[in-house]
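Taking it in order: structure first as structure tokens, then the write-up.
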Amino acid sequence: MKGAFAWPFLRLYLLTLFYFSGNSILNVMIPLKGEALGASNTTIGVIMGAYLFTTMLLRPWAGGLIQRHGPIKVLRVILVVNGVALVMYAFTGLGGYFVARVLQGVCTAFFSMALQLGIIDALPEKNRSQGISMYSLCSYLPGMIGPLLAIGIWQTGEMNMFTAVMIAIAVLTGAVGYTAEMDRNSDEAKGGTEQRNQGTAMLQSISQLVKNPHLFKSSILMLGASVIFGAVTAFIPLYASQIESGSAAAYLMLQAAVVVAARFVLMKKIPSDGKWHSFFMMGTMLLLAAASLSVSFAATVGVVLFYAGAVLMGVAQALLYPTLTTYLSFVLPKEDRNVLIGLFIAMADLGVSLGGIVMGPVADLTSYSTMFMLCAILGAVMMLVSYYQRSLSTGMKAG
């Protein structure tokens, strides 16, 4: 096999799979544990949101430190820190959960920057969307098993098993990570990272979020969609109990399974030509809005809409991130591409974080159903943004 499926890349995908396995369990355990301890939706949202909010803040420095010390050295350090964070969940309460989420956020800032930019730099243009899709796919694969395992642990009350699982994930991730290799010797990689300190460059390039029409629209779309993704991650474990025959584990597993299936089935359908496809993006946002609406109505209509929302949400997730990231890899200037894509990824982090932090108080003041209705409205607004890109952007061909 070659291209995006060559052995060095397969090993990176395996590392990604193990790295994100802990989160697939914690995304269910933290809300359930928080509710059992009497925490409000606002508190739960803050704890859940602390993870990617920290990641967003530290991304500007991640690239610079990786360049200065080398990706392998940095990777080995963060895998140790990530192992410590995973073990903390087994021995602490809500306060410790918050600290552990922050530590995980620190690790993910470095982990995801190194792997995603490395994949973009190492692969030829025609294979970029496949590489990005495979990385994102492996970050979702644990979601097919993790929620069910978390629910099983919670219902049986076997917290010793929870401890054992967290330790096992930490060990496996470290073992694979310590044998991984990252070749960043391509001329394109050097051009994107050696010309200036990436952390400083990112801070100086924040204005490009507004000035660059490609980056601006892509970031707005990713931010809005990620708020919805974040709200689902944080509150589906609690909302499911209000739906007759509803299961948070079944919902999250179904959503993850659809993401995985859609990535394989639709991988070659994801645009990889550097053009803006307005109607493709509008269709993706329509799926997202319909998914949120289905989840919102599920409390009164029934469980069928609940799981229909999982399917629609999974397809939208499978398409959105790789499409936008691949598009930006073509249209952004090479000398600043890695920095600007780092800003784009930070916007995705911010959106997921806000999904917990902002939507938590909304759920406290209204209801989960109303909160997901607001998510549906947000998705509809993003449809308009997708179309507006077509008329504003010069030099782009809409399809």
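Residues in the structure tokens are named by chain (A, B, ... in the order shown) and by number from 1 within that chain; ligands are numbered from 1 in the order shown.
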As an MDAnalysis selection string, list the residues of region 122-269 of chain A assigned to alpha helix (DSSP H) by DSSP on the backbone atoms of this structure.
chainID A and resid 122 128:140 146:156 159:179 187:193 198:204 208:211 213:239 248:266
I'd like the neighbourhood of Val265 (chain A) as a ChimeraX atom specification, where a residue qualifies if any of its atoms comes within 12 Å (using only C-alpha atoms), though same-chain residues fewer than 6 positions away should be ignored.
/A:130,133,258-259,315,318-319
Write a file of the selected residues as a compact mmCIF listing (two decimals), in the first residue's frame, keeping N, CA and C atoms.
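Written output follows (out28.txt):
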```
# COMPACT_ATOMS: atom_id res chain seq x y z
N GLN A 130 -7.73 12.08 1.76
CA GLN A 130 -7.75 10.73 2.31
C GLN A 130 -7.00 10.66 3.63
N SER A 133 -8.97 12.50 6.30
CA SER A 133 -10.15 11.71 6.62
C SER A 133 -9.79 10.52 7.51
N VAL A 258 -21.71 5.69 12.04
CA VAL A 258 -22.07 6.37 10.80
C VAL A 258 -20.89 7.22 10.31
N VAL A 259 -20.19 7.87 11.23
CA VAL A 259 -19.00 8.64 10.84
C VAL A 259 -17.98 7.73 10.16
N VAL A 315 -23.20 11.65 9.57
CA VAL A 315 -22.85 11.97 8.18
C VAL A 315 -22.27 13.38 8.08
N ALA A 318 -18.76 13.41 9.34
CA ALA A 318 -17.85 12.72 8.43
C ALA A 318 -17.42 13.61 7.27
N LEU A 319 -18.29 14.50 6.85
CA LEU A 319 -18.01 15.32 5.68
C LEU A 319 -17.36 16.66 5.99
```
Nearest residue to Phe306 (chain A) out of A:Ala248, A:Ser272, A:Ala346, A:Val358, using only C-alpha atoms?
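Closest candidate: A:Ala248.
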Applying 10 Å and only C-alpha atoms, which residues near Leu374 (chain A) remain after dropping the ones on its own chain fewer than 6 positions away? List them as an MDAnalysis selection string.
chainID A and resid 228 289 292:293 296 359 362 368 380
Please identify all polymer residues within 7 Å of Pro31 (chain A), counting only C-alpha atoms, omitting same-chain residues fewer than 6 positions from it, and present them as a list of chain:residue names.
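My list of contacting residues is A:Ile44, A:Ala234, A:Pro237, A:Leu238.
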Keeping only C-alpha atoms, write the selected residues to a file as a short mmCIF file (atom, residue, chain, number, x, y, z; two decimals), in the first residue's frame.
```cif
data_model
loop_
_atom_site.label_atom_id
_atom_site.label_comp_id
_atom_site.auth_asym_id
_atom_site.auth_seq_id
_atom_site.Cartn_x
_atom_site.Cartn_y
_atom_site.Cartn_z
CA ILE A 44 -20.73 19.85 33.68
CA ALA A 234 -21.68 17.07 26.71
CA PRO A 237 -25.62 11.27 28.14
CA LEU A 238 -28.05 13.24 30.33
#
```
Any idea what's packed within 9 Å of Leu15 (chain A), counting only C-alpha atoms, ignoring anything in its chain fewer than 4 positions away? Could you give it as a count of residues only?
11
Close residues, Ile145 (chain A) itself excluded, 9 Å, only C-alpha atoms, min 5 positions apart in chain, as a ChimeraX atom specification:
/A:21,24-25,150,249,253
Export, as an mmCIF file, in the first residue's frame, the selected residues with C-alpha atoms.
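Everything below was put into again00.cif:
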```cif
data_model
loop_
_atom_site.group_PDB
_atom_site.id
_atom_site.type_symbol
_atom_site.label_atom_id
_atom_site.label_comp_id
_atom_site.auth_asym_id
_atom_site.auth_seq_id
_atom_site.Cartn_x
_atom_site.Cartn_y
_atom_site.Cartn_z
ATOM 1 C CA SER A 21 -10.042 6.018 23.236
ATOM 2 C CA SER A 24 -14.877 8.101 24.155
ATOM 3 C CA ILE A 25 -15.376 6.712 27.668
ATOM 4 C CA ALA A 150 -18.778 3.500 29.934
ATOM 5 C CA ALA A 249 -24.524 4.664 24.559
ATOM 6 C CA MET A 253 -22.159 4.448 19.130
#
```
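Distances to Met48 (chain A) were evaluated for A:Gln104, A:Ser329, A:Ser247, A:Thr366 using only C-alpha atoms, and the minimum falls at A:Gln104.
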Which one of A:Asn41, A:Ser207, A:Ser278, A:Ser245 sits closest to Met382 (chain A) if you count only C-alpha atoms?
A:Ser278
Quick one: of A:Leu115, A:Val260, A:Leu58, A:Val102, who's nearest to Pro71 (chain A), counting only C-alpha atoms?
A:Leu115
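Distance check against Ala85 (chain A) using only C-alpha atoms: of A:Gly360, A:Gly351, A:Pro124, A:Gly22, the minimum falls on A:Gly22.
Minimum distance to Leu266 (chain A) across A:Thr156, A:Thr43, A:Thr326, A:Ser129 (counting only C-alpha atoms) occurs at A:Ser129.
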